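Dropping query.csv in here (CSV, C-alpha atoms and all ligand atoms):
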chain,number,residue,atom,x,y,z
C,536,MET,CA,66.0,71.7,85.9
C,537,ASN,CA,68.9,69.9,84.3
C,538,VAL,CA,72.4,70.7,85.6
C,539,GLU,CA,75.4,68.8,84.2
C,540,ILE,CA,77.8,67.9,86.9
C,541,GLN,CA,81.5,67.3,86.4
C,542,PRO,CA,82.5,63.9,87.8
C,543,LEU,CA,85.5,63.7,90.2
C,544,ASN,CA,88.8,63.4,88.3
C,545,GLU,CA,89.6,59.7,88.6
C,546,VAL,CA,93.1,60.1,87.1
C,547,ALA,CA,94.1,62.6,89.9
C,548,MET,CA,92.5,60.4,92.5
C,549,THR,CA,94.4,57.3,91.4
C,550,ALA,CA,97.7,59.3,91.4
C,551,ALA,CA,96.8,60.6,94.9
C,552,ARG,CA,96.0,57.1,96.2
C,553,GLU,CA,99.4,55.9,94.8
C,554,ARG,CA,101.2,58.8,96.4
C,555,GLN,CA,99.5,58.1,99.8
C,556,ALA,CA,100.7,54.5,99.6
C,557,GLN,CA,104.3,55.7,99.2
C,558,LEU,CA,104.3,58.4,102.0
C,559,VAL,CA,106.4,57.7,105.0
C,560,LYS,CA,103.8,56.3,107.4
C,561,PRO,CA,102.1,53.0,107.9
C,562,PRO,CA,99.3,52.7,105.3
C,563,GLY,CA,96.1,54.2,106.5
C,564,SER,CA,97.6,55.7,109.6
C,565,LEU,CA,96.5,59.3,108.8
C,566,GLY,CA,93.0,58.0,108.8
C,567,ARG,CA,90.5,60.3,107.2
C,568,LEU,CA,93.2,62.8,106.3
C,569,GLU,CA,94.2,60.3,103.6
C,570,ALA,CA,90.6,60.0,102.3
C,571,LEU,CA,90.2,63.7,102.3
C,572,ALA,CA,93.4,64.3,100.4
C,573,ILE,CA,92.2,61.8,97.8
C,574,TRP,CA,88.8,63.5,97.6
C,575,LEU,CA,90.5,66.8,97.2
C,576,ALA,CA,92.5,65.4,94.3
C,577,GLY,CA,89.3,64.2,92.7
C,578,ALA,CA,87.4,67.5,93.3
C,579,THR,CA,90.2,69.8,92.2
C,580,GLY,CA,91.7,67.6,89.5
C,581,GLU,CA,95.2,68.2,91.1
C,582,GLU,CA,97.3,65.2,92.0
C,583,ARG,CA,98.8,67.3,94.8
C,584,PRO,CA,95.7,69.4,95.6
C,585,GLN,CA,95.7,72.8,97.3
C,586,VAL,CA,92.8,74.2,99.3
C,587,ARG,CA,92.1,77.6,97.8
C,588,ALA,CA,88.7,78.3,99.4
C,589,ARG,CA,86.0,80.9,99.1
C,590,ILE,CA,83.2,81.0,101.6
C,591,VAL,CA,79.8,82.4,100.5
C,592,VAL,CA,77.4,83.4,103.2
C,593,ALA,CA,73.9,84.2,102.0
C,594,ALA,CA,71.5,86.0,104.3
C,595,ALA,CA,67.7,86.3,104.1
C,596,ASP,CA,64.6,87.0,106.2
C,597,HIS,CA,61.7,84.7,106.6
C,598,GLY,CA,57.9,85.5,106.9
C,599,VAL,CA,57.6,82.4,109.1
C,600,ALA,CA,59.5,84.3,111.9
C,601,GLN,CA,56.2,85.9,112.8
C,602,GLU,CA,55.1,82.4,114.1
C,603,GLY,CA,57.5,82.8,117.0
C,604,VAL,CA,59.9,80.1,115.8
C,605,SER,CA,63.1,81.8,116.8
C,606,ALA,CA,64.7,82.9,120.0
C,607,PHE,CA,65.9,86.1,118.3
C,608,PRO,CA,64.1,89.0,116.5
C,609,PRO,CA,64.2,89.2,112.7
C,610,GLU,CA,66.2,92.5,112.6
C,611,VAL,CA,69.3,90.4,113.7
C,612,THR,CA,69.6,89.0,110.1
C,613,GLY,CA,70.5,92.4,108.6
C,614,GLN,CA,72.6,93.4,111.6
C,615,MET,CA,74.6,90.2,111.4
C,616,LEU,CA,75.1,90.6,107.6
C,617,ALA,CA,76.6,94.1,108.4
C,618,THR,CA,78.8,92.4,111.1
C,619,PHE,CA,80.2,89.8,108.7
C,620,LEU,CA,81.0,92.6,106.2
C,621,SER,CA,82.8,94.7,108.9
C,622,GLY,CA,85.0,91.7,109.7
C,623,GLY,CA,83.6,91.0,113.2
C,624,GLY,CA,81.4,87.9,112.8
C,625,ALA,CA,82.5,84.4,113.8
C,626,VAL,CA,82.8,83.4,110.1
C,627,SER,CA,84.9,86.6,109.4
C,628,THR,CA,87.5,85.6,111.9
C,629,LEU,CA,87.4,81.8,111.1
C,630,ALA,CA,87.7,82.6,107.4
C,631,ARG,CA,90.7,84.8,108.0
C,632,GLU,CA,92.4,82.2,110.2
C,633,VAL,CA,92.0,79.4,107.6
C,634,GLY,CA,93.0,81.7,104.7
C,635,ALA,CA,89.6,81.6,103.0
C,636,GLU,CA,88.0,84.5,101.2
C,637,LEU,CA,84.5,85.5,102.4
C,638,ILE,CA,81.7,86.8,100.2
C,639,CYS,CA,78.4,88.0,101.6
C,640,VAL,CA,75.1,87.9,99.7
C,641,ASP,CA,71.8,89.6,100.4
C,642,ALA,CA,69.3,86.9,99.3
C,643,GLY,CA,66.3,88.7,100.7
C,644,VAL,CA,67.1,90.7,103.9
C,645,ASN,CA,64.4,93.0,105.1
C,646,ALA,CA,66.6,95.9,106.3
C,647,SER,CA,69.8,95.3,104.4
C,648,THR,CA,73.2,96.9,104.6
C,649,THR,CA,74.5,99.6,102.3
C,650,HIS,CA,78.0,98.1,102.6
C,651,LEU,CA,79.7,98.2,99.2
C,652,ASP,CA,80.9,94.6,99.3
C,653,VAL,CA,77.5,92.9,99.6
C,654,VAL,CA,76.3,91.0,96.6
C,655,HIS,CA,72.7,91.9,95.8
C,656,THR,CA,70.1,89.6,94.4
C,657,GLY,CA,67.0,91.8,94.4
C,658,LEU,CA,65.2,89.1,96.3
C,659,LYS,CA,62.6,90.0,99.0
C,660,PRO,CA,62.1,88.1,102.4
C,661,SER,CA,60.1,84.9,102.0
C,662,ALA,CA,56.4,84.7,102.8
C,663,ASN,CA,55.1,82.7,105.8
C,664,LEU,CA,55.5,79.1,104.7
C,665,ALA,CA,53.0,77.9,107.3
C,666,VAL,CA,50.2,79.5,105.2
C,667,GLU,CA,51.5,80.1,101.7
C,668,PRO,CA,54.5,79.2,99.5
C,669,ALA,CA,57.7,80.8,100.8
C,670,LEU,CA,59.0,81.9,97.4
C,671,SER,CA,57.7,82.1,93.8
C,672,GLN,CA,59.1,79.6,91.3
C,673,ASP,CA,60.7,82.7,89.5
C,674,ASP,CA,62.4,83.8,92.7
C,675,VAL,CA,63.8,80.3,93.2
C,676,ARG,CA,65.2,80.1,89.7
C,677,HIS,CA,66.7,83.5,90.1
C,678,ALA,CA,68.4,82.7,93.4
C,679,ILE,CA,69.7,79.4,92.0
C,680,LYS,CA,71.1,81.2,88.9
C,681,VAL,CA,72.9,83.8,91.1
C,682,GLY,CA,74.3,81.0,93.3
C,683,MET,CA,75.6,79.1,90.2
C,684,LYS,CA,77.1,82.3,88.8
C,685,LEU,CA,79.0,82.8,92.1
C,686,ALA,CA,80.4,79.3,91.7
C,687,ALA,CA,81.4,80.0,88.1
C,688,ALA,CA,83.2,83.2,89.3
C,689,ALA,CA,85.0,81.3,92.1
C,690,ARG,CA,86.3,78.9,89.5
C,691,THR,CA,87.4,81.8,87.2
C,692,ASP,CA,89.1,83.4,90.2
C,693,GLY,CA,91.2,80.3,90.8
C,694,PHE,CA,89.4,78.8,93.8
C,695,THR,CA,89.2,75.0,94.1
C,696,ILE,CA,86.8,74.7,97.1
C,697,LEU,CA,83.6,76.5,97.9
C,698,ALA,CA,81.9,76.5,101.3
C,699,GLY,CA,78.3,77.8,101.7
C,700,GLY,CA,76.9,79.3,104.8
C,701,GLU,CA,73.8,81.3,105.8
C,702,MET,CA,72.3,83.9,108.1
C,703,GLY,CA,68.6,84.2,108.6
C,704,ILE,CA,66.5,84.4,111.7
C,705,GLY,CA,63.8,81.7,111.5
C,706,ASN,CA,65.6,79.7,108.9
C,707,THR,CA,65.9,76.4,110.8
C,708,THR,CA,62.1,76.2,110.3
C,709,PRO,CA,62.3,76.0,106.4
C,710,ALA,CA,65.5,73.8,106.7
C,711,THR,CA,63.5,71.4,108.9
C,712,ALA,CA,60.5,71.4,106.6
C,713,LEU,CA,62.8,70.6,103.6
C,714,ALA,CA,64.5,67.9,105.6
C,715,CYS,CA,61.0,66.3,106.4
C,716,TRP,CA,60.0,66.6,102.7
C,717,LEU,CA,63.2,65.1,101.4
C,718,THR,CA,63.6,62.3,103.9
C,719,GLY,CA,60.0,61.6,105.0
C,720,GLY,CA,60.9,62.7,108.5
C,721,ASP,CA,58.5,63.6,111.3
C,722,PRO,CA,58.5,67.3,112.2
C,723,ALA,CA,58.2,66.4,115.9
C,724,GLU,CA,61.4,64.4,115.6
C,725,LEU,CA,63.4,66.7,113.4
C,726,ALA,CA,62.5,70.2,114.8
C,727,GLY,CA,65.2,71.5,117.2
C,728,PRO,CA,65.9,74.6,119.3
C,729,GLY,CA,67.8,76.5,116.5
C,730,THR,CA,69.1,79.7,118.2
C,731,GLY,CA,67.8,78.5,121.6
C,732,LEU,CA,64.1,77.8,121.8
C,733,ASP,CA,62.8,76.1,124.9
C,734,ALA,CA,60.8,72.9,124.7
C,735,GLU,CA,57.5,74.8,124.2
C,736,GLY,CA,59.1,76.8,121.4
C,737,VAL,CA,60.4,73.6,119.7
C,738,ALA,CA,56.9,72.1,119.9
C,739,ARG,CA,55.5,75.3,118.3
C,740,LYS,CA,58.1,75.1,115.6
C,741,ALA,CA,57.3,71.4,114.9
C,742,GLU,CA,53.6,72.4,114.5
C,743,VAL,CA,54.5,75.2,112.1
C,744,VAL,CA,56.5,72.6,110.0
C,745,ARG,CA,53.6,70.2,110.2
C,746,ARG,CA,51.1,72.9,108.9
C,747,ALA,CA,53.5,73.8,106.1
C,748,LEU,CA,53.8,70.2,105.0
C,749,ALA,CA,50.0,69.7,105.2
C,750,ARG,CA,49.6,72.7,102.9
C,751,ASP,CA,52.4,71.8,100.5
C,752,GLU,CA,51.7,69.8,97.3
C,753,SER,CA,55.1,69.8,95.7
C,754,ASP,CA,56.1,66.9,93.6
C,755,THR,CA,59.7,67.9,92.9
C,756,ALA,CA,62.5,69.1,95.1
C,757,LEU,CA,62.6,72.3,93.1
C,758,ALA,CA,58.9,72.9,93.8
C,759,ALA,CA,59.5,72.1,97.5
C,760,LEU,CA,62.3,74.6,97.6
C,761,ALA,CA,59.8,77.3,96.6
C,762,SER,CA,57.1,76.1,98.8
C,763,LEU,CA,59.1,75.4,102.0
C,764,GLY,CA,62.5,77.1,101.5
C,765,GLY,CA,63.9,80.7,101.6
C,766,GLY,CA,66.1,83.0,99.7
C,767,GLU,CA,69.4,82.0,101.2
C,768,ILE,CA,68.5,78.3,101.0
C,769,ALA,CA,67.7,78.7,97.3
C,770,LEU,CA,70.9,80.6,96.7
C,771,LEU,CA,73.0,77.9,98.4
C,772,THR,CA,71.2,75.3,96.4
C,773,GLY,CA,72.5,77.1,93.3
C,774,LEU,CA,76.0,77.5,94.8
C,775,ALA,CA,76.2,73.7,95.4
C,776,LEU,CA,74.9,73.0,91.9
C,777,GLY,CA,77.4,75.5,90.5
C,778,ALA,CA,80.3,73.8,92.4
C,779,GLY,CA,79.3,70.6,90.6
C,780,ARG,CA,78.9,72.1,87.2
C,781,TYR,CA,82.1,74.1,87.3
C,782,GLY,CA,84.2,71.5,88.9
C,783,LEU,CA,84.9,72.6,92.5
C,784,GLY,CA,84.7,70.8,95.8
C,785,TYR,CA,81.8,71.9,98.1
C,786,VAL,CA,81.9,71.9,101.9
C,787,CYS,CA,78.5,71.7,103.6
C,788,ASP,CA,77.9,73.7,106.8
C,789,GLY,CA,75.1,73.1,109.3
C,790,VAL,CA,71.4,72.1,109.0
C,791,ILE,CA,70.3,75.0,106.7
C,792,ALA,CA,73.3,74.8,104.3
C,793,THR,CA,73.0,71.0,104.2
C,794,ALA,CA,69.2,71.2,103.5
C,795,ALA,CA,70.2,73.4,100.5
C,796,ALA,CA,72.8,70.9,99.4
C,797,ALA,CA,70.3,68.1,99.7
C,798,VAL,CA,67.9,69.9,97.5
C,799,ALA,CA,70.7,70.4,95.0
C,800,ALA,CA,71.6,66.7,95.2
C,801,ALA,CA,67.9,65.8,94.6
C,802,ILE,CA,67.9,68.0,91.5
C,803,ALA,CA,71.3,66.6,90.3
C,804,PRO,CA,72.2,63.3,92.0
C,805,ASP,CA,75.6,63.3,90.3
C,806,LEU,CA,76.5,66.2,92.6
C,807,LYS,CA,77.0,63.9,95.7
C,808,PRO,CA,80.6,63.0,95.1
C,809,ARG,CA,81.6,66.7,95.1
C,810,LEU,CA,80.1,67.3,98.6
C,811,VAL,CA,81.8,66.9,101.9
C,812,ALA,CA,80.1,67.5,105.3
C,813,GLY,CA,82.1,70.1,107.3
C,814,HIS,CA,80.6,69.2,110.6
C,815,LEU,CA,77.6,67.9,112.5
C,816,SER,CA,75.2,70.3,114.1
C,817,PRO,CA,73.1,69.2,117.1
C,818,GLU,CA,69.9,70.2,115.2
C,819,PRO,CA,68.2,66.8,114.8
C,820,ALA,CA,67.4,67.5,111.1
C,821,HIS,CA,71.1,67.8,110.4
C,822,ALA,CA,72.1,64.2,111.2
C,823,ARG,CA,69.0,63.1,109.2
C,824,LEU,CA,70.1,65.1,106.1
C,825,LEU,CA,73.7,63.9,106.4
C,826,ALA,CA,72.5,60.3,106.5
C,827,HIS,CA,70.2,60.9,103.5
C,828,LEU,CA,73.2,62.3,101.6
C,829,ASP,CA,75.5,59.5,102.9
C,830,LEU,CA,77.9,62.0,104.3
C,831,ASN,CA,80.2,61.6,107.3
C,832,PRO,CA,80.9,64.9,109.0
C,833,ILE,CA,84.6,65.9,109.3
C,834,LEU,CA,84.0,67.6,112.7
C,835,ASP,CA,81.6,67.2,115.6
C,836,LEU,CA,82.3,70.3,117.8
C,837,GLN,CA,78.7,70.9,118.9
C,838,MET,CA,78.6,74.0,116.8
C,839,ARG,CA,75.2,75.4,115.9
C,840,LEU,CA,75.9,78.9,114.7
C,841,GLY,CA,75.6,78.5,110.9
C,842,GLU,CA,77.2,81.3,108.8
C,843,ALA,CA,79.6,78.7,107.4
C,844,SER,CA,81.4,78.5,110.8
C,845,GLY,CA,81.5,74.7,110.9
C,846,ALA,CA,82.6,74.5,107.2
C,847,ALA,CA,85.3,77.1,107.9
C,848,ALA,CA,86.6,75.0,110.8
C,849,ALA,CA,86.6,71.9,108.6
C,850,LEU,CA,88.6,73.8,106.0
C,851,SER,CA,91.5,73.7,108.5
C,852,ILE,CA,91.3,69.9,108.5
C,853,LEU,CA,91.1,69.9,104.7
C,854,LYS,CA,94.2,72.1,104.6
C,855,LEU,CA,96.1,69.7,106.9
C,856,ALA,CA,95.1,66.8,104.6
C,857,ALA,CA,96.4,68.6,101.6
C,858,ALA,CA,99.6,69.8,103.4
C,859,SER,CA,100.6,66.3,104.6
C,860,HIS,CA,99.7,64.8,101.2
C,861,ASP,CA,101.9,67.3,99.4
C,862,GLY,CA,104.7,67.9,101.9
C,863,MET,CA,105.5,64.5,103.3
C,864,HIS,CA,108.5,62.5,102.0
C,865,THR,CA,108.0,59.1,100.5
C,866,PHE,CA,109.7,56.0,102.1
C,867,ALA,CA,112.3,56.1,99.3
C,868,GLU,CA,113.0,59.9,99.8
C,869,ALA,CA,113.3,59.5,103.5
C,870,GLY,CA,115.4,56.4,103.4
C,871,VAL,CA,113.1,54.6,105.7
C,872,SER,CA,112.8,50.8,105.5
C,873,THR,CA,109.5,49.2,104.6
C,874,GLN,CA,110.4,45.7,105.9
C,901,LIG,O1,74.0,75.7,111.1
C,901,LIG,C1,73.2,75.2,112.0
C,901,LIG,O2,73.1,74.0,112.1
C,901,LIG,C2,72.4,76.1,112.8
C,901,LIG,C3,71.6,75.7,113.9
C,901,LIG,C4,70.9,76.6,114.6
C,901,LIG,C5,70.9,77.9,114.3
C,901,LIG,N1,71.6,78.4,113.2
C,901,LIG,C6,71.6,79.8,112.8
C,901,LIG,O3,70.7,80.5,113.6
C,901,LIG,C7,69.7,81.1,112.7
C,901,LIG,C8,68.5,80.3,112.6
C,901,LIG,O4,68.0,79.9,113.9
C,901,LIG,P1,66.5,80.1,114.2
C,901,LIG,O5,66.3,79.7,115.6
C,901,LIG,O6,66.3,81.6,114.1
C,901,LIG,O7,65.7,79.3,113.2
C,901,LIG,C9,70.4,81.3,111.4
C,901,LIG,O8,71.0,82.5,111.3
C,901,LIG,C10,71.4,80.1,111.4
C,901,LIG,O9,72.6,80.5,110.7
C,901,LIG,C11,72.4,77.5,112.5
C,902,LIG,C1,73.7,86.8,117.1
C,902,LIG,C2,73.4,85.7,116.0
C,902,LIG,C3,74.4,85.4,115.1
C,902,LIG,C4,74.2,84.4,114.1
C,902,LIG,N1,74.9,83.9,113.2
C,902,LIG,C5,74.2,83.0,112.5
C,902,LIG,N2,73.0,82.9,113.1
C,902,LIG,C6,72.9,83.8,114.1
C,902,LIG,C7,71.9,84.1,115.0
C,902,LIG,C8,72.2,85.1,116.0
C,902,LIG,C9,71.1,85.4,116.9
Can you give me the file's structure in the form of structure tokens?
Amino acid sequence: MNVEIQPLNEVAMTAARERQAQLVKPPGSLGRLEALAIWLAGATGEERPQVRARIVVAAADHGVAQEGVSAFPPEVTGQMLATFLSGGGAVSTLAREVGAELICVDAGVNASTTHLDVVHTGLKPSANLAVEPALSQDDVRHAIKVGMKLAAAARTDGFTILAGGEMGIGNTTPATALACWLTGGDPAELAGPGTGLDAEGVARKAEVVRRALARDESDTALAALASLGGGEIALLTGLALGAGRYGLGYVCDGVIATAAAAVAAAIAPDLKPRLVAGHLSPEPAHARLLAHLDLNPILDLQMRLGEASGAAAALSILKLAAASHDGMHTFAEAGVSTQ
């Protein structure tokens, strides 16, 4: 798969760097807010960038849930999708608070919602990746295509930043399997509690990941996505690739969304500069994936919810970075001495 990625806009970044140097503060004193403002300029192509963000939450069910790898039952996936659409999920409230639009996608939910606003993909829940490939190559290509189209639509609708999130009982298992495949990690080190497994459950999950990796024969990240992934992960892979192709900035959420972004970056390495890490989840595979992507999380709030909640929280910081960059006076405008 060949996806052409738009490089960051160097002209806008240079202008933003020069503006930062003139703003009425000791150089560097706004710390990462300065770097984020410059990144926003590169990602949006705007010298004084604005965060106009759309959040896409993709939901899917997973055959591997039958292995007892989650603390919750699979029907929660569809129930939570309906909750997001009714405005009552964590991401619904966080998105509203940070002024981001929220779109929900059914990327293979067993008992889905009839809510009119859900984006349908026609995908079915994944198969049990411990014993067979999770998805067909055709399903993966379809999910990626829908994700990329959602990114194209976001660009057309005037958004500058995309954040991808997910909902899927059992999906920390495929995310961990992909993290192991991409980084050469050990399932026993990278498996974590997800929604709240005890130590015995975590050991069972590590064993399921080990079986999946022993079965898997993938030689490309795209093949690994079919073998070890899931519908929402494939859709978010497409969303991240689409952000690169259509020139948006992309905010990664937790371990599952970051696994998808890491697959996208393996498919198209030029994507990396368009990614930022919204936060660090306590799931061990997340830190591993972020290190693999060379990303430094904006926040570390011990959030482990998924559904783009960490990315939404980070949007507030990106907005502060953009607001200070745009609204502050320069030394000259403020009449403040430099020496
Ligand atoms: O984002 C994370 O890092 C994260 C960590 C743990 C759990 N989750 C969420 O919890 C669900 C998956 O957990 P589990 O235990 O069912 O594999 C799924 O809906 C994710 O959105 C998300
Ligand atoms: C209630 C609930 C909400 C979630 N949101 C994302 N993953 C989730 C998992 C559960 C169990």
Checklist entry - Hey, which residues come within 6 Å of ligand LIG 901 (chain C) if we count all atoms listed in the file? Could you give them as a ChimeraX atom specification? => result /C:605-606,701-708,729-730,789-791,816,818,839-842
Checklist entry - Could you name the residues that touch Ala869 of chain C at 12 Å or less, counting all atoms listed in the file, but leaving out those on the same chain fewer than 4 positions away, as number ranges by chain? => result C: 557-560, 863-865, 873
Checklist entry - Using only C-alpha atoms, which of C:Val633, C:Leu543, C:Asp805, C:Phe619 sits nearest Leu855 of chain C? => result C:Val633
Item to check | Closest of C:Leu664, C:Ala769, C:Val546, C:Ile590 to Leu637 of chain C - atom-to-atom distances counting all atoms listed in the file | outcome: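 Looking at the shortest contact to Leu637 of chain C, the residue is C:Ile590.
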Item to check | Nearby residues, (66.0, 92.3, 116.6) file frame, 12 Å, all atoms listed in the file, as number ranges by chain | outcome: C: 596, 600, 605-615, 645-646, 703-705
Checklist entry - If we count only C-alpha atoms, what is near Ala547 of chain C at a cut-off of 7 Å, once residues fewer than 4 positions away on the same chain are taken out, given as a list in words? => result Ala551, Ala576, Gly577, Gly580, Glu581 and Glu582 of chain C
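Reported to one decimal place, the separation of atom CA of Asp641 of chain C from atom CA of Ala593 of chain C is 6.0 Å.
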Checklist entry - Excluding same-chain residues fewer than 4 positions from Thr695 of chain C, what lies within 7 Å of it counting only C-alpha atoms, as a list in words? => result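 With the cut-off at 7 Å, the set is Thr579, Val586, Arg587, Ala588, Arg690, Leu783 and Gly784 of chain C.
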Checklist entry - Near Gly699 of chain C, within 6 Å and counting all atoms listed in the file, which residues show up once chain neighbours fewer than 5 positions away are dropped, as number ranges by chain? => result C: 590-592, 843
Would you put the residues from that selection into a file with C-alpha atoms, as a short mmCIF file (atom, residue, chain, number, x, y, z; two decimals), in the coordinates of the input?
data_model
loop_
_atom_site.label_atom_id
_atom_site.label_comp_id
_atom_site.auth_asym_id
_atom_site.auth_seq_id
_atom_site.Cartn_x
_atom_site.Cartn_y
_atom_site.Cartn_z
CA ILE C 590 83.20 81.00 101.60
CA VAL C 591 79.80 82.40 100.50
CA VAL C 592 77.40 83.40 103.20
CA ALA C 843 79.60 78.70 107.40
#
Checklist entry - What is the atom CA of Thr656 of chain C-atom CA of Leu670 of chain C distance in Å, reported with one decimal? => result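 That distance, rounded to one decimal, is 13.8 Å.
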Item to check | Residue among C:Leu565, C:Ile679, C:Leu616, C:Leu830 lying closest to ligand LIG 902 (chain C), counting only C-alpha atoms and all ligand atoms | outcome: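 Smallest separation from ligand LIG 902 (chain C) among the options: C:Leu616.
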Checklist entry - What does the distance from atom CA of Asp788 of chain C to atom CA of Glu545 of chain C come to in Å, to one decimal? => result 25.8 Å
Checklist entry - Restricting the calculation to all atoms listed in the file, which member of C:Leu571, C:Ala856, C:Leu725, C:Ala595 is positioned closest to ligand LIG 902 (chain C)? => result C:Ala595
Item to check | Residues within 8 Å of (53.6, 77.0, 102.2), file coords, only C-alpha atoms, listed as a PyMOL selection string | outcome: chain C and resi 663-669+747-748+750-751+762-763
Checklist outcome for this item: Judged by only C-alpha atoms, the minimum distance to Arg809 of chain C among C:Ile638, C:Val599, C:Ala678, C:Leu776 is found for C:Leu776
Item to check | Nearest-residue call for Ala686 of chain C, choices C:Arg589, C:Val654, C:Asp829, C:Ala867, using only C-alpha atoms | outcome: C:Arg589
Give me, as a short mmCIF file (atom, residue, chain, number, x, y, z; two decimals) with C-alpha atoms, in the coordinates of the input, all polymer residues having an atom no more than 8 Å from Ala759 of chain C, counting all atoms listed in the file and skipping those fewer than 6 positions away in the same chain.
data_model
loop_
_atom_site.label_atom_id
_atom_site.label_comp_id
_atom_site.auth_asym_id
_atom_site.auth_seq_id
_atom_site.Cartn_x
_atom_site.Cartn_y
_atom_site.Cartn_z
CA LEU C 713 62.80 70.60 103.60
CA TRP C 716 60.00 66.60 102.70
CA ASP C 751 52.40 71.80 100.50
CA SER C 753 55.10 69.80 95.70
#
